[in-house]
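One file, run-v1.pdb, is given below (PDB, C-alpha atoms, pLDDT in the B column).
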ATOM      1  CA  MET H   1     145.765 113.606 105.855  1.00 52.00           C
ATOM      2  CA  VAL H   2     149.507 113.606 106.224  1.00 59.00           C
ATOM      3  CA  GLY H   3     151.410 112.042 103.365  1.00 58.00           C
ATOM      4  CA  SER H   4     148.451 111.641 101.026  1.00 54.00           C
ATOM      5  CA  THR H   5     148.573 112.901  97.517  1.00 58.00           C
ATOM      6  CA  THR H   6     145.944 114.827  95.616  1.00 57.00           C
ATOM      7  CA  ASP H   7     145.020 111.677  93.692  1.00 55.00           C
ATOM      8  CA  GLU H   8     144.242 109.777  96.903  1.00 57.00           C
ATOM      9  CA  ARG H   9     142.028 112.601  98.167  1.00 58.00           C
ATOM     10  CA  THR H  10     140.201 112.743  94.843  1.00 56.00           C
ATOM     11  CA  VAL H  11     139.548 109.002  94.947  1.00 52.00           C
ATOM     12  CA  MET H  12     138.287 109.239  98.532  1.00 54.00           C
ATOM     13  CA  SER H  13     135.912 112.098  97.717  1.00 56.00           C
ATOM     14  CA  GLN H  14     134.517 110.191  94.738  1.00 61.00           C
ATOM     15  CA  GLN H  15     133.528 107.246  96.934  1.00 65.00           C
ATOM     16  CA  LEU H  16     130.846 109.242  98.759  1.00 55.00           C
ATOM     17  CA  PRO H  17     127.444 109.092  97.085  1.00 58.00           C
ATOM     18  CA  PRO H  18     125.849 112.431  96.240  1.00 53.00           C
ATOM     19  CA  PRO H  19     122.950 113.577  98.402  1.00 48.00           C
ATOM     20  CA  THR H  20     119.626 112.363  97.071  1.00 56.00           C
ATOM     21  CA  ALA H  21     116.258 114.056  96.790  1.00 51.00           C
ATOM     22  CA  SER H  22     114.741 111.460  99.124  1.00 56.00           C
ATOM     23  CA  SER H  23     116.031 113.171 102.251  1.00 62.00           C
ATOM     24  CA  LYS H  24     112.431 113.439 103.476  1.00 75.00           C
ATOM     25  CA  GLN H  25     111.940 109.664 103.423  1.00 87.00           C
ATOM     26  CA  GLY H  26     112.445 109.520 107.179  1.00 89.00           C
ATOM     27  CA  LEU H  27     109.440 111.789 107.640  1.00 90.00           C
ATOM     28  CA  ALA H  28     107.385 109.560 105.346  1.00 91.00           C
ATOM     29  CA  VAL H  29     108.302 106.485 107.381  1.00 93.00           C
ATOM     30  CA  ALA H  30     107.515 108.340 110.617  1.00 93.00           C
ATOM     31  CA  GLY H  31     104.161 109.338 109.108  1.00 93.00           C
ATOM     32  CA  LEU H  32     103.374 105.737 108.207  1.00 94.00           C
ATOM     33  CA  VAL H  33     104.287 104.524 111.683  1.00 94.00           C
ATOM     34  CA  CYS H  34     102.159 107.235 113.326  1.00 94.00           C
ATOM     35  CA  GLY H  35      99.267 106.442 110.998  1.00 94.00           C
ATOM     36  CA  ILE H  36      99.398 102.752 111.855  1.00 93.00           C
ATOM     37  CA  ILE H  37      99.652 103.458 115.580  1.00 94.00           C
ATOM     38  CA  ALA H  38      96.645 105.807 115.282  1.00 92.00           C
ATOM     39  CA  PHE H  39      94.379 102.838 114.534  1.00 91.00           C
ATOM     40  CA  LEU H  40      94.610 101.668 118.147  1.00 89.00           C
ATOM     41  CA  PHE H  41      96.350 104.206 120.377  1.00 89.00           C
ATOM     42  CA  PHE H  42      95.274 107.843 120.812  1.00 91.00           C
ATOM     43  CA  PRO H  43      94.202 108.627 117.218  1.00 91.00           C
ATOM     44  CA  PRO H  44      94.043 112.430 117.595  1.00 91.00           C
ATOM     45  CA  LEU H  45      97.741 112.676 118.444  1.00 94.00           C
ATOM     46  CA  PHE H  46      99.234 110.000 116.207  1.00 94.00           C
ATOM     47  CA  GLY H  47      96.857 110.597 113.300  1.00 93.00           C
ATOM     48  CA  ILE H  48      97.585 114.308 113.146  1.00 95.00           C
ATOM     49  CA  LEU H  49     101.334 113.755 113.535  1.00 95.00           C
ATOM     50  CA  GLY H  50     101.230 111.209 110.719  1.00 95.00           C
ATOM     51  CA  ILE H  51      99.311 113.591 108.472  1.00 95.00           C
ATOM     52  CA  VAL H  52     101.807 116.396 109.117  1.00 95.00           C
ATOM     53  CA  PHE H  53     104.863 114.179 108.565  1.00 94.00           C
ATOM     54  CA  GLY H  54     103.363 112.649 105.435  1.00 93.00           C
ATOM     55  CA  ALA H  55     102.349 116.018 103.993  1.00 94.00           C
ATOM     56  CA  ILE H  56     105.824 117.487 104.503  1.00 93.00           C
ATOM     57  CA  SER H  57     107.363 114.471 102.803  1.00 93.00           C
ATOM     58  CA  TRP H  58     104.762 114.541 100.017  1.00 92.00           C
ATOM     59  CA  LYS H  59     105.430 118.218  99.355  1.00 93.00           C
ATOM     60  CA  ALA H  60     109.156 117.443  99.085  1.00 90.00           C
ATOM     61  CA  GLY H  61     108.314 115.068  96.227  1.00 88.00           C
ATOM     62  CA  ASN H  62     108.546 111.766  98.062  1.00 89.00           C
ATOM     63  CA  LYS H  63     105.939 109.287  96.817  1.00 89.00           C
ATOM     64  CA  LEU H  64     105.925 107.473 100.152  1.00 91.00           C
ATOM     65  CA  GLY H  65     104.632 110.715 101.672  1.00 92.00           C
ATOM     66  CA  ILE H  66     101.346 110.238  99.785  1.00 93.00           C
ATOM     67  CA  ALA H  67     100.864 106.794 101.328  1.00 93.00           C
ATOM     68  CA  ALA H  68     101.802 108.097 104.773  1.00 94.00           C
ATOM     69  CA  THR H  69      99.233 110.886 104.525  1.00 94.00           C
ATOM     70  CA  ILE H  70      96.454 108.563 103.371  1.00 94.00           C
ATOM     71  CA  VAL H  71      97.226 105.897 105.992  1.00 95.00           C
ATOM     72  CA  SER H  72      97.293 108.568 108.699  1.00 95.00           C
ATOM     73  CA  ILE H  73      93.934 110.027 107.649  1.00 95.00           C
ATOM     74  CA  VAL H  74      92.363 106.568 107.607  1.00 95.00           C
ATOM     75  CA  GLY H  75      94.044 105.697 110.922  1.00 94.00           C
ATOM     76  CA  LEU H  76      92.701 108.877 112.485  1.00 95.00           C
ATOM     77  CA  LEU H  77      89.136 108.274 111.298  1.00 95.00           C
ATOM     78  CA  VAL H  78      89.001 104.527 111.978  1.00 95.00           C
ATOM     79  CA  GLY H  79      90.746 104.953 115.331  1.00 94.00           C
ATOM     80  CA  MET H  80      88.159 107.539 116.380  1.00 94.00           C
ATOM     81  CA  VAL H  81      85.321 105.228 115.351  1.00 94.00           C
ATOM     82  CA  ILE H  82      86.875 102.291 117.230  1.00 92.00           C
ATOM     83  CA  GLY H  83      87.395 104.500 120.280  1.00 91.00           C
ATOM     84  CA  ALA H  84      83.780 105.674 120.175  1.00 91.00           C
ATOM     85  CA  ALA H  85      82.523 102.091 119.809  1.00 92.00           C
ATOM     86  CA  VAL H  86      84.591 100.917 122.779  1.00 90.00           C
ATOM     87  CA  MET H  87      83.282 103.780 124.944  1.00 88.00           C
ATOM     88  CA  MET H  88      79.657 102.777 124.327  1.00 85.00           C
TER      89      MET H  88
END
Would you mind writing the file out in structure tokens?
Amino acid sequence: MVGSTTDERTVMSQQLPPPTASSKQGLAVAGLVCGIIAFLFFPPLFGILGIVFGAISWKAGNKLGIAATIVSIVGLLVGMVIGAAVMM
């Protein structure tokens, strides 16, 4: 930054928010999406992916990870039951 003073650089660096502990929220959202998809489309793949994503997020301390894990487990089980019922 040509021509900027130390005060301007300090002000610019203070405008950036500090990193938060919710960096694993993206995994929790991915887990929820996979869990919801598992209800209707290929439950073994999407259910297991949702459980893994949710568990990683949950272990990182994200509360949304708990919901993602539970929704994925239910999606896996219900999706398998629906798939079995359709095959009969």
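Close contacts of Gly50 in chain H, defined as residues with an atom at most 6 Å away when counting only C-alpha atoms, with chain neighbours fewer than 2 positions off set aside, comprise Gly31, Cys34, Gly35, Phe46, Gly47, Ile48, Val52, Phe53, Gly54 and Ser72 of chain H.
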Just the selected residues (C-alpha atoms), exported as a PDB file, in the frame of the given file, please.
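To be explicit, this is the file written out as result.pdb:
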ATOM      1  CA  GLY H  31     104.161 109.338 109.108  1.00 93.00           C
ATOM      2  CA  CYS H  34     102.159 107.235 113.326  1.00 94.00           C
ATOM      3  CA  GLY H  35      99.267 106.442 110.998  1.00 94.00           C
ATOM      4  CA  PHE H  46      99.234 110.000 116.207  1.00 94.00           C
ATOM      5  CA  GLY H  47      96.857 110.597 113.300  1.00 93.00           C
ATOM      6  CA  ILE H  48      97.585 114.308 113.146  1.00 95.00           C
ATOM      7  CA  VAL H  52     101.807 116.396 109.117  1.00 95.00           C
ATOM      8  CA  PHE H  53     104.863 114.179 108.565  1.00 94.00           C
ATOM      9  CA  GLY H  54     103.363 112.649 105.435  1.00 93.00           C
ATOM     10  CA  SER H  72      97.293 108.568 108.699  1.00 95.00           C
TER      11      SER H  72
END
*asked:* Just to confirm, what's the straight-line distance from CA of Gly79 in chain H to CA of Ala38 in chain H in Å (one decimal)?
replied: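 Here the two named atoms are 6.0 Å from each other.
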- Query: Residues picked by the PyMOL selection byres ((chain H and resi 81-86) around 9) here, as a ChimeraX atom specification?
  - Reply: /H:39-43,76-80,87-88
Quiz prompt | Ground truth for the PyMOL selection byres ((chain H and resi 64) around 8), written as a list in words | solution =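 Going through the file, the PyMOL selection byres ((chain H and resi 64) around 8) ends up selecting Gln25, Ala28, Val29, Gly54, Ser57, Trp58, Asn62, Lys63, Gly65, Ile66, Ala67 and Ala68 of chain H.
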Need the axis-aligned box for range 76-87 of chain H with 6 Å each side, so what are the centre and edges in Å to one decimal, as lines of an AutoDock Vina configuration file?
center_x = 87.6
center_y = 104.9
center_z = 118.1
size_x = 22.2
size_y = 20.0
size_z = 25.6
- Message: Just the number, please: distance in Å from CA of Pro44 in chain H to CA of Gly61 in chain H, one decimal.
- Response: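 Atom-to-atom, CA of Pro44 in chain H to CA of Gly61 in chain H, that is 25.8 Å.
Taking CA of Ala60 in chain H as the reference point, CA of Val33 in chain H is found at 18.7 Å.
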